[in-house]
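Chemist: Questions regarding the structure given below will be posed in turn.
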Amino acid sequence: VTIRDLKKVVEEAGYQVLEVKEEDIVEKEKLAREGELSRLKKKFIIGAVLLVPILILMYGDSLLEKWVGLSMETNFFIQFLLATPVQFWVGWQFYVGFWKATKHKTSDMNTLIAVGTSAAYLYSLIVTFVPHLIMVKGLMIDAYFDTSAAIIVLILLGRFLEARAKGKTSEAIKKLIGLQPKTA
């Protein structure tokens with residue numbers, strides 16, 4: 001087994017291999033952590049900004065229909081337009097994790113998120129574009145774009161808070177190690 005083979009297996013499992021000199025490890029790790037934190041924050045903010053109008057459209061639909069004259073079909077279409085970037089750009093990391101887990105014949109939290117949000121999203125697509133396939137006389141149908149988007153945004157918030165806490169913990173441990181006496 002070569003280093004290259006080991007690196008390939010580790011990356012296929014969903015981890016990143018950092019190749020640095022020993023003195024650069026601390027700085028590279030800090031920069032990687034800050035980059036990941038920045039990426040998570042950006043995706044969370046964009047996801048939250050898109051989620052708010054989806055929630056307004058979903059739960060304020062009767063008011064919007066009365067005041068603005070927004071039909072249910074138009075409402076669902078606007079929700080579709082807002083939810084699609086949340087599902088596939090903000091939530092892309094869950095699909096990548098799902099794919100890697102599937103390749104290794106296992107499942108993890110990414111599998112749960114990808115399958116659950118995709119089910120809500122795909123059902124909502126059917127309701128939006130071909131409602132006659134599932135419509136039953138006398139029953140109201142709803143789209144669940146709000147559910148798929150909210151799950152992705154809230155889990156991303158959790159990952160952002162976790163990454164921030166890990167970064168603070170890592171910095172605190174490094175400071176404690178720096179307080180260690182050189183001789184005893």
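By convention in this document, the chains of the structure tokens carry letters A, B, ... by their order, each chain's residues are numbered from 1, and ligands are numbered from 1 in the order they are shown.
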May I have the residues within 12 Å of Gly35 of chain A as a PyMOL selection string, using only C-alpha atoms and disregarding those fewer than 6 positions away in the same chain?

Modeler: chain A and resi 28-29+41-42+160+163-164+167

Chemist: Next, dump the selected residues to file, keeping only N, CA and C atoms, as a PDB file, in the first residue's frame.

Modeler:
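Saved file again-v3.pdb follows:
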```pdb
ATOM      1  N   LYS A  28      -2.032  25.865   8.206  1.00  0.00           N
ATOM      2  CA  LYS A  28      -2.873  25.302   7.145  1.00  0.00           C
ATOM      3  C   LYS A  28      -4.209  24.828   7.714  1.00  0.00           C
ATOM      4  N   GLU A  29      -4.158  24.186   8.880  1.00  0.00           N
ATOM      5  CA  GLU A  29      -5.381  23.690   9.510  1.00  0.00           C
ATOM      6  C   GLU A  29      -6.295  24.848   9.884  1.00  0.00           C
ATOM      7  N   LYS A  41     -21.178  29.573   6.519  1.00  0.00           N
ATOM      8  CA  LYS A  41     -21.903  30.801   6.862  1.00  0.00           C
ATOM      9  C   LYS A  41     -22.584  31.391   5.632  1.00  0.00           C
ATOM     10  N   LYS A  42     -21.854  31.438   4.524  1.00  0.00           N
ATOM     11  CA  LYS A  42     -22.398  31.988   3.282  1.00  0.00           C
ATOM     12  C   LYS A  42     -23.599  31.168   2.806  1.00  0.00           C
ATOM     13  N   PHE A 160     -22.701  24.765  10.957  1.00  0.00           N
ATOM     14  CA  PHE A 160     -21.949  26.006  11.117  1.00  0.00           C
ATOM     15  C   PHE A 160     -21.603  26.224  12.586  1.00  0.00           C
ATOM     16  N   ALA A 163     -18.913  23.739  13.648  1.00  0.00           N
ATOM     17  CA  ALA A 163     -17.586  24.093  13.128  1.00  0.00           C
ATOM     18  C   ALA A 163     -17.001  25.274  13.899  1.00  0.00           C
ATOM     19  N   ARG A 164     -17.842  26.246  14.228  1.00  0.00           N
ATOM     20  CA  ARG A 164     -17.372  27.402  14.992  1.00  0.00           C
ATOM     21  C   ARG A 164     -16.924  26.983  16.391  1.00  0.00           C
ATOM     22  N   GLY A 167     -13.618  25.172  16.203  1.00  0.00           N
ATOM     23  CA  GLY A 167     -12.526  26.116  15.980  1.00  0.00           C
ATOM     24  C   GLY A 167     -12.117  26.818  17.259  1.00  0.00           C
TER      25      GLY A 167
END
```

Chemist: Select from segment 40-80 of chain A every residue with an atom at most 10 Å from any atom of segment 119-124 of chain A, then for each give the shortest pair of atoms and their distance in Å to one decimal, using only C-alpha atoms, rows by chain and rising number, as CSV.

Modeler:
```
residue,atom,partner,partner_atom,distance
A:Phe76,CA,A:Ser124,CA,8.1
A:Phe77,CA,A:Ser124,CA,9.7
A:Gln79,CA,A:Ser124,CA,9.4
A:Phe80,CA,A:Ser124,CA,8.0
```

Chemist: Give me the residues within 6 Å of segment 85-87 of chain A as a ChimeraX atom specification, counting only C-alpha atoms and dropping any in the same chain fewer than 2 places off.

Modeler: /A:47,83,89-91,149

Chemist: Per residue of segment 42-75 of chain A within 12 Å of segment 140-144 of chain A, record the nearest atom pair and its distance in Å to one decimal, counting only C-alpha atoms, with rows in chain order and ascending residue number, as a tab-separated table.

Modeler:
```
residue	atom	partner	partner_atom	distance
A:Ile54	CA	A:Tyr144	CA	9.8
A:Leu55	CA	A:Tyr144	CA	10.2
A:Leu57	CA	A:Ala143	CA	10.7
A:Met58	CA	A:Ala143	CA	8.2
A:Tyr59	CA	A:Asp142	CA	10.9
A:Asp61	CA	A:Asp142	CA	10.8
A:Met72	CA	A:Asp142	CA	9.1
A:Glu73	CA	A:Ala143	CA	10.0
A:Thr74	CA	A:Ala143	CA	11.8
A:Asn75	CA	A:Ala143	CA	9.6
```

Chemist: Could you tell me, as a ChimeraX atom specification, which residues of segment 1-181 of chain A DSSP assigns to helix (DSSP H, G or I) when given the backbone?

Modeler: /A:3-12,22-59,61-67,72-90,92-103,109-129,131-133,145-178
